[in-house]
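Colleague: Dumping the structure here so I can ask a few things about it.
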Amino acid sequence: MRMIARVGIGVLSVAWLSCAHSTPAPVAVPVEKPSEIHYGQEGLQGVVWMRTAVEYQASARQAYAAAQRALDLALADPAWSAVTELTAVASGERRPAIILDLDETCLDNSAYQARLTELAAAHTEEAFEEHIRSGNVTAVPGTVEFLHYAESRGVTIFYVTNQRKKIEEASRANLRRLGLPLPESEDTVLTLGEMPDWVSDKSSRRAFVAQKYRVLLLVGDDFNDFVSANGKSLAERKAIFDRHADWFGTKWIILPNPTYGSWERAALGGAGSSAEDRFKARMRAIQSTAGH
Ligand SMILES: [Mg+2]
C-alpha cells in the first residue's frame with residue numbers, strides 16, 4: 001500500500017509592499033487560515049509544467065538539437081571522451097557510443113507523477129513498476145529523432161537506468177513501441193542490479209561501457225547521470241559542477257526535470273519525511289545560497 005501522509009501546517013504568505021520611488025520589498029505576514037501541505041503534492045507546479053508547457057517541450061527539443069550538433073563534433077575528434085571514468089585509457093580506436101538515462105531523459109513518466117500528485121501519494125518502487133508495466137509512458141520530445149540520427153552515424157546507444165532489472169522486459173517493450181533503437185546483438189539496457197556492482201551510482205556502468213567503446217556523449221536529467229554525486233551537499237555538488245561546467249552543452253546534455261531528482265534530496269538536506277519537515281526544509285533552501 002502506498003504511503004499517504006497528510007499534514008496540516010501553518011504557513012506564511014509573502015506580501016509585496018511597495019512605496020513610491022523605492023524598490024518593492026518582500027514582507028512575510030501570517031495567513032489567516034493554515035494551509036495543508038500534502039506529501040506527494042509538493043511538486044505540483046513542476047508536474048503542471050511538464051504536462052502542459054510548450055516551454056518544457058521546447059527545452060527538451062533544444063537539448064536534443066544540441067546533442068546532435070555535439071555528436072557531429074565528437075565523431076570528428078578521435079580524442080573526444082565524455083566520461084570521467086577511465087580517462088587515462090586511449091580510446092581513439094574504439095567504436096563510438098553514447099549513454100542516455102531513461103526516465104525523464106528518453107521516457108516521459110509525467111503521467112505517473114501526475115497520478116501520485118492527484119492521490120497525494122509518495123513514490124514507491126512498486127507503484128513505479130506498475131506504471132512501467134502499464135505502458136503509459138511517452139517519448140521525451142526530440143529523443144526518437146536524435147537517437148535515429150545517432151544510429152545512422154554508426155553510434156551504439158546505451159541506456160543506463162536506475163530502473164530495476166525485474167522490469168527490464170516491460171521497459172524494453174515501451175522502448176520498442178516508442179521507436180527507440182534497441183539492437184538485438186548486444187544488451188544496451190543496463191539496469192540497476194543487473195550486475196553485482198551496478199549500484200545506483202552509475203559510475204561503474206559508465207566505466208563498463210567505456211572499456212569497450214569511445215563514449216561521445218552523456219544525456220540525462222540528473223547530475224548523477226554525468227558524474228558521481230550521490231549524497232553530496234549543495235556546496236559539494238556546486239564544486240563538482242564548476243569543475244565540469246563547460247562539459248554541459250558539449251559532452252553532457254541535460255534535460256529539464258523539476259519534479260524529482262538528486263537536486264531535491266540535496267536541497268532538503270536530510271529533512272524528516274513528514275510534509276511539515278519537508279516544507280520547512282524547502283523554505284530554508286530558498287533562503288540558502290549554497291547551490292549558487
Ligand atoms: Mg532520469
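Every chain in the C-alpha cells has a letter given in the order shown (A, B, ...), and although residue numbers restart at 1 in each chain, ligands are simply numbered from 1 in the order shown.
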Name all residues at most 10 Å from Arg284 of chain A (count only C-alpha atoms; drop same-chain ones fewer than 3 positions away) and give them as a list in words.

Modeller: Ala267, Leu268, Gly269, Arg278, Phe279, Lys280, Ala281, Gln287 and Ser288 of chain A

Colleague: Would you put the residues from that selection into a file with C-alpha atoms, as a PDB file, in the first residue's frame?

Modeller:
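What ended up in again_17.pdb:
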ATOM      1  CA  ALA A 267      18.206  20.785  -1.201  1.00  0.00           C
ATOM      2  CA  LEU A 268      16.213  19.071   1.561  1.00  0.00           C
ATOM      3  CA  GLY A 269      19.462  18.165   3.307  1.00  0.00           C
ATOM      4  CA  ARG A 278       9.972  18.851   4.064  1.00  0.00           C
ATOM      5  CA  PHE A 279       8.105  22.116   3.713  1.00  0.00           C
ATOM      6  CA  LYS A 280      10.383  23.792   6.244  1.00  0.00           C
ATOM      7  CA  ALA A 281      13.457  22.372   4.502  1.00  0.00           C
ATOM      8  CA  GLN A 287      16.981  31.257   1.637  1.00  0.00           C
ATOM      9  CA  SER A 288      20.266  29.435   1.057  1.00  0.00           C
TER      10      SER A 288
END

Colleague: Excluding same-chain residues fewer than 4 positions from Lys166 of chain A, what lies within 12 Å of it counting only C-alpha atoms, as a PDB file with C-alpha atoms, in the first residue's frame?

Modeller:
ATOM      1  CA  GLU A 125       9.190   1.255  -6.415  1.00  0.00           C
ATOM      2  CA  GLU A 126       6.082  -0.939  -6.583  1.00  0.00           C
ATOM      3  CA  GLU A 129       6.939  -0.646 -11.664  1.00  0.00           C
ATOM      4  CA  GLU A 130       3.169  -0.864 -12.099  1.00  0.00           C
ATOM      5  CA  ILE A 132       6.108   0.970 -16.399  1.00  0.00           C
ATOM      6  CA  ARG A 133       4.170  -2.254 -16.915  1.00  0.00           C
ATOM      7  CA  ASN A 162      18.144   3.041 -12.298  1.00  0.00           C
ATOM      8  CA  ALA A 170       8.461  -4.252 -19.650  1.00  0.00           C
ATOM      9  CA  SER A 171      10.683  -1.254 -20.213  1.00  0.00           C
ATOM     10  CA  ARG A 172      12.132  -2.734 -23.397  1.00  0.00           C
ATOM     11  CA  LEU A 190      21.940  -1.559 -18.305  1.00  0.00           C
ATOM     12  CA  THR A 191      19.611  -1.724 -15.314  1.00  0.00           C
ATOM     13  CA  LEU A 192      20.157  -1.311 -11.592  1.00  0.00           C
ATOM     14  CA  GLY A 193      21.435  -4.528 -10.021  1.00  0.00           C
ATOM     15  CA  GLU A 194      21.851  -6.380 -13.322  1.00  0.00           C
TER      16      GLU A 194
END

Colleague: Considering only C-alpha atoms and all ligand atoms, give me a table of residues in chain A that are at most 7 Å from ligand 1, with the closest atom pair and distance in Å for each, as CSV.

Modeller:
residue,atom,partner,partner_atom_place_in_ligand_line,distance
A:Asp101,CA,ligand 1,1 (Mg),5.5
A:Leu102,CA,ligand 1,1 (Mg),5.6
A:Asp103,CA,ligand 1,1 (Mg),3.9
A:Glu104,CA,ligand 1,1 (Mg),4.7
A:Thr105,CA,ligand 1,1 (Mg),5.5
A:Gly220,CA,ligand 1,1 (Mg),6.0
A:Asp221,CA,ligand 1,1 (Mg),5.0
A:Asp222,CA,ligand 1,1 (Mg),5.9

Colleague: Keeping only C-alpha atoms, write the selected residues to a file as a compact mmCIF listing (two decimals), in the first residue's frame.

Modeller:
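So the final result, stored in again_14.txt, reads:
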# COMPACT_ATOMS: atom_id res chain seq x y z
CA ASP A 101 19.44 7.80 -18.92
CA LEU A 102 15.85 6.58 -19.43
CA ASP A 103 13.40 8.23 -17.02
CA GLU A 104 12.73 11.89 -17.84
CA THR A 105 15.56 11.73 -20.41
CA GLY A 220 20.43 12.73 -18.61
CA ASP A 221 18.13 14.74 -16.38
CA ASP A 222 20.07 14.30 -13.13

Colleague: Run DSSP on the backbone and tell me which residues of segment 67-259 of chain A come out as strand (DSSP E or B); list them as a PyMOL selection string.

Modeller: chain A and resi 95-100+103+107-108+121+138-139+156-164+189-192+213-220+248+252-254

Colleague: Might you pull out every residue within 9 Å of Glu85 of chain A, with only C-alpha atoms counted and same-chain residues fewer than 4 positions away left off, and present them as a PDB file with C-alpha atoms, in the first residue's frame?

Modeller:
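Output (around_28.pdb):
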ATOM      1  CA  SER A 203      29.951   5.251 -12.470  1.00  0.00           C
ATOM      2  CA  SER A 204      30.557   1.503 -12.693  1.00  0.00           C
ATOM      3  CA  ARG A 206      29.772   4.195 -17.430  1.00  0.00           C
ATOM      4  CA  ALA A 207      33.151   2.520 -16.899  1.00  0.00           C
ATOM      5  CA  ALA A 210      33.916   2.901 -21.719  1.00  0.00           C
ATOM      6  CA  VAL A 227      29.246  12.263 -12.609  1.00  0.00           C
TER       7      VAL A 227
END

Colleague: So which one's closest to Glu93 of chain A, A:Ala120, A:Val215, A:Leu175, A:Leu180? Using only C-alpha atoms, please.

Modeller: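 Smallest distance to Glu93 of chain A is found for A:Val215.
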
Colleague: Measure the distance from atom CA of Leu107 of chain A to atom CA of Gly40 of chain A in Å and round it to one decimal.

Modeller: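 About the pair atom CA of Leu107 of chain A and atom CA of Gly40 of chain A: they are 20.9 Å apart.
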
Colleague: Counting only C-alpha atoms, what is within 9 Å of Met50 of chain A, bar same-chain residues fewer than 6 positions away, as a ChimeraX atom specification?

Modeller: /A:56-57,108,110,256-259

Colleague: Give me, as a count of residues only, all polymer residues having an atom no more than 12 Å from Pro96 of chain A, counting only C-alpha atoms and skipping those fewer than 6 positions away in the same chain.

Modeller: 28
